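A.B. asks: Sharing a structure, written as structure tokens. Questions coming.
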Amino acid sequence: MLDDYYRQYGLVLMLTGAAIVVPLSMLMMSRMAQMFHIRPHKPSPVKSDIYECGMETIGGRWVQFNFRYYLFALLFLVFDVTAIFIYPWAIKLRELGDDALFTMMAFIGILAVGWAYAWRKGAFEWK
Amino acid sequence: MESSFDKNALFANLNDIYLDLLPESLSWLAYFGTGFTIVIILVNAVLMLTAFGTYMERRVLGRFQTRLGPNRVGPFGLLQPLADLLKLITKEDLRPDSADRLTFFLAPVLMVTSMLVVVAVVPFGKDSFLADLNIGVLFLVGIPTIATVAMFLGGWGSGNRFALLGAARAVAMLISYEVPMIVSLAGILILAGSMSLVDVVEAQSLPFILLQPLGFFVFIVAASAEMNRSPFDLMEAESELTAGFHTEFSGMRFGLLQLAEFGEVVVTSAILATLFLRGWENPFIPADWQQVLPPQVWLIGKILFFMLIFTWIRATLPRMRIDQVMAFAWKVLLPLALINMFVTAVLVVAWPDPTYTQLWIMVGVNWAVAAGCLIGFSLALDKHRVNPTDSVKLMQIPTEVS
């Protein structure tokens, strides 16, 4: 028999399977309704145009626009990786005691300097 | 090492029933049979609660706006979700010519999947759960991020400018609120000493909402941003972006996106109930109240309570502006979450094994810190607020356009 550890994940995998089957079966039901002529299917150029404001779309589908979010992505990366350090530390803090606490304070302190620098440079502002 | 698998009494009992039914040679099937039984119970519970949630939200919102809400289909309008489903299934399936077929198809499916998978780790009774993963809390904050990917797939795949803009906003906002959400749960991990949700529920001799008021505040705000709910629903701001990333979705695909959105409310309420309100146990302190109601009823009651709170927030608060939203995550929520984490850490290091009195002192300290931080940050933010009486100044046309 499989190891218990993997059997847990087998159950999660079963739920994942069910969670994929549920939306797919709903889409299938909708498709079957079309087969039995319950659901209409009358395509036309107007219907399959994208929605913008009612007029015909001018220009390409994918346009360039000012993408202001890359700074947030960088910051997110920094702090999300921090979470990887914080979580194991948080679990074991009771046993590790004050040494671990001061280490984490120094670590977050260094990060906080970077965070303050980003704030100062206006990374959190909408320019 | 003691396996957490043995603790799962529900699994063991169901497994015995299946073993009795099956012949000796097919005993390996019992594992799958048991697993699928629990999976079907869970999925159905979430979907039924979601259906009820849409009905409850519309009724409660109606009352907030001094109207009745849906009350025609069935008794008190209770069959309204069924009518909605039938209507969505029989709607014509429209896909714009410019859409990318694969991503357009994947987006709604992935949204629903990521919403449903999260409930795998939520315990719903004494020793009854699907899987007691030792990374439970990480699972809770990790899996919903797939919805972000799905959102961008949908927005990009529609081939619509509004959708693409909405998706870009959504991604920027969701990743910003991911950070305070993750850090706000660190306080709980420090107190519980485990990431398994079963252990977190058992560690709550006091409900963690008392010990972690600041963490609760940060988590509920960040979670409502993760769910794209008001006041953070600006990736589907009608006045700016038509409908954001799901502009082009119609029929059952749109239905799936809505299902995912309302389902996330149910799932997040379940998470909040488990992490902060003792999960399936009674939320009150006397332990002899345990037998008053079965654990599943306690859990569903708490889920409905949090769903009501989310509806209330939606009815009360207006939508925020995108720059306010982004600044709020980084300037307010992240420091608050870190303060919460370090206050908890200091208290736990000071009293690794707190007595009942010390626990209540921790409650007092945490509430004092929470109140001080919230008032302090509110005052600091208030300085930058534009006074409504200065409207004359706002009306002036800027001489220099930057």
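By order in the structure tokens, chains are A, B, ...; within a chain, residues start at 1; ligands start at 1, following the order shown.
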Using only C-alpha atoms, find which residues of chain B lie within 7 Å of chain A and jot them down as JSON, numbers by chain.

C.D. replies: {"B": [3, 5, 35, 36, 39, 89, 90, 91, 92, 94, 95, 96, 97, 109, 112, 113, 116, 117, 120, 130, 131, 133, 159, 160, 161, 172, 175, 176, 179, 182, 183, 186, 189, 190, 193, 194, 248, 252, 256, 323, 326, 327, 330, 348, 349, 352]}

A.B. asks: DSSP on the backbone: which residues in chain A end up as alpha helix (DSSP H)? Give the answer as an MDAnalysis selection string.

C.D. replies: chainID A and resid 4:35 70:96 98:120

A.B. asks: How far is it from atom CA of Leu210 of chain B to atom CA of Ser224 of chain B, in Å with one decimal?

C.D. replies: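 Interatomic distance here is 20.6 Å.
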
A.B. asks: Could you tell me how far atom CA of Ile41 of chain B sits from atom CA of Ser114 of chain B, in Å to one decimal place?

C.D. replies: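 These atoms are spaced 17.6 Å apart.
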
A.B. asks: Considering only C-alpha atoms, can you say which of B:Ser27, B:Asn282, B:Thr37, B:Thr311 comes closest to Phe129 of chain B?

C.D. replies: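 Looking at the shortest contact to Phe129 of chain B, the residue is B:Thr37.
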
A.B. asks: For a test of reading the model, state the distance in Å between atom CA of Pro81 of chain B and atom CA of Gln65 of chain B, rounded to one decimal.

C.D. replies: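 Computing the Euclidean distance for atom CA of Pro81 of chain B and atom CA of Gln65 of chain B yields 20.5 Å.
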
A.B. asks: Show me, as number ranges by chain, the residues that have an atom within 6 Å of segment 162-165 of chain B when counting only C-alpha atoms, minus same-chain residues fewer than 4 positions from it.

C.D. replies: B: 155-156, 241, 244-245, 247

A.B. asks: Near segment 272-280 of chain B, within 7 Å and counting only C-alpha atoms, which residues show up once chain neighbours fewer than 5 positions away are dropped, as a VMD selection string?

C.D. replies: chain B and resid 124 to 125 200 to 201 204 207 to 209 295 to 296 298 to 299 302 to 303

A.B. asks: Take the residues just selected and output them with N, CA and C atoms as a short mmCIF file (atom, residue, chain, number, x, y, z; two decimals), in the first residue's frame.

C.D. replies:
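Full text of again.cif as output:
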data_model
loop_
_atom_site.label_atom_id
_atom_site.label_comp_id
_atom_site.auth_asym_id
_atom_site.auth_seq_id
_atom_site.Cartn_x
_atom_site.Cartn_y
_atom_site.Cartn_z
N PHE B 124 -14.05 19.61 8.92
CA PHE B 124 -15.45 19.95 9.14
C PHE B 124 -16.08 19.15 10.26
N GLY B 125 -15.26 18.65 11.18
CA GLY B 125 -15.80 17.96 12.33
C GLY B 125 -14.65 17.36 13.11
N VAL B 200 -4.48 23.72 13.99
CA VAL B 200 -4.83 25.12 14.26
C VAL B 200 -6.15 25.18 15.02
N VAL B 201 -7.12 24.36 14.61
CA VAL B 201 -8.41 24.35 15.32
C VAL B 201 -8.21 23.86 16.75
N GLN B 204 -6.81 26.31 19.40
CA GLN B 204 -7.58 27.49 19.78
C GLN B 204 -8.33 27.26 21.08
N PRO B 207 -10.65 31.48 20.86
CA PRO B 207 -10.70 31.72 19.41
C PRO B 207 -9.63 32.73 19.01
N PHE B 208 -8.95 32.47 17.88
CA PHE B 208 -7.83 33.33 17.51
C PHE B 208 -8.26 34.74 17.15
N ILE B 209 -9.58 34.95 16.96
CA ILE B 209 -10.01 36.32 16.66
C ILE B 209 -9.75 37.20 17.87
N PRO B 295 -20.86 19.49 15.03
CA PRO B 295 -19.79 20.37 14.54
C PRO B 295 -20.07 20.95 13.16
N GLN B 296 -20.69 20.15 12.27
CA GLN B 296 -20.94 20.66 10.92
C GLN B 296 -21.87 21.86 10.96
N TRP B 298 -22.12 24.03 13.46
CA TRP B 298 -21.33 25.18 13.90
C TRP B 298 -20.56 25.78 12.73
N LEU B 299 -19.91 24.90 11.94
CA LEU B 299 -19.09 25.40 10.84
C LEU B 299 -19.95 26.13 9.82
N LYS B 302 -21.03 29.49 11.05
CA LYS B 302 -19.97 30.50 10.97
C LYS B 302 -19.74 30.94 9.55
N ILE B 303 -19.82 29.98 8.59
CA ILE B 303 -19.65 30.36 7.18
C ILE B 303 -20.73 31.36 6.79
#
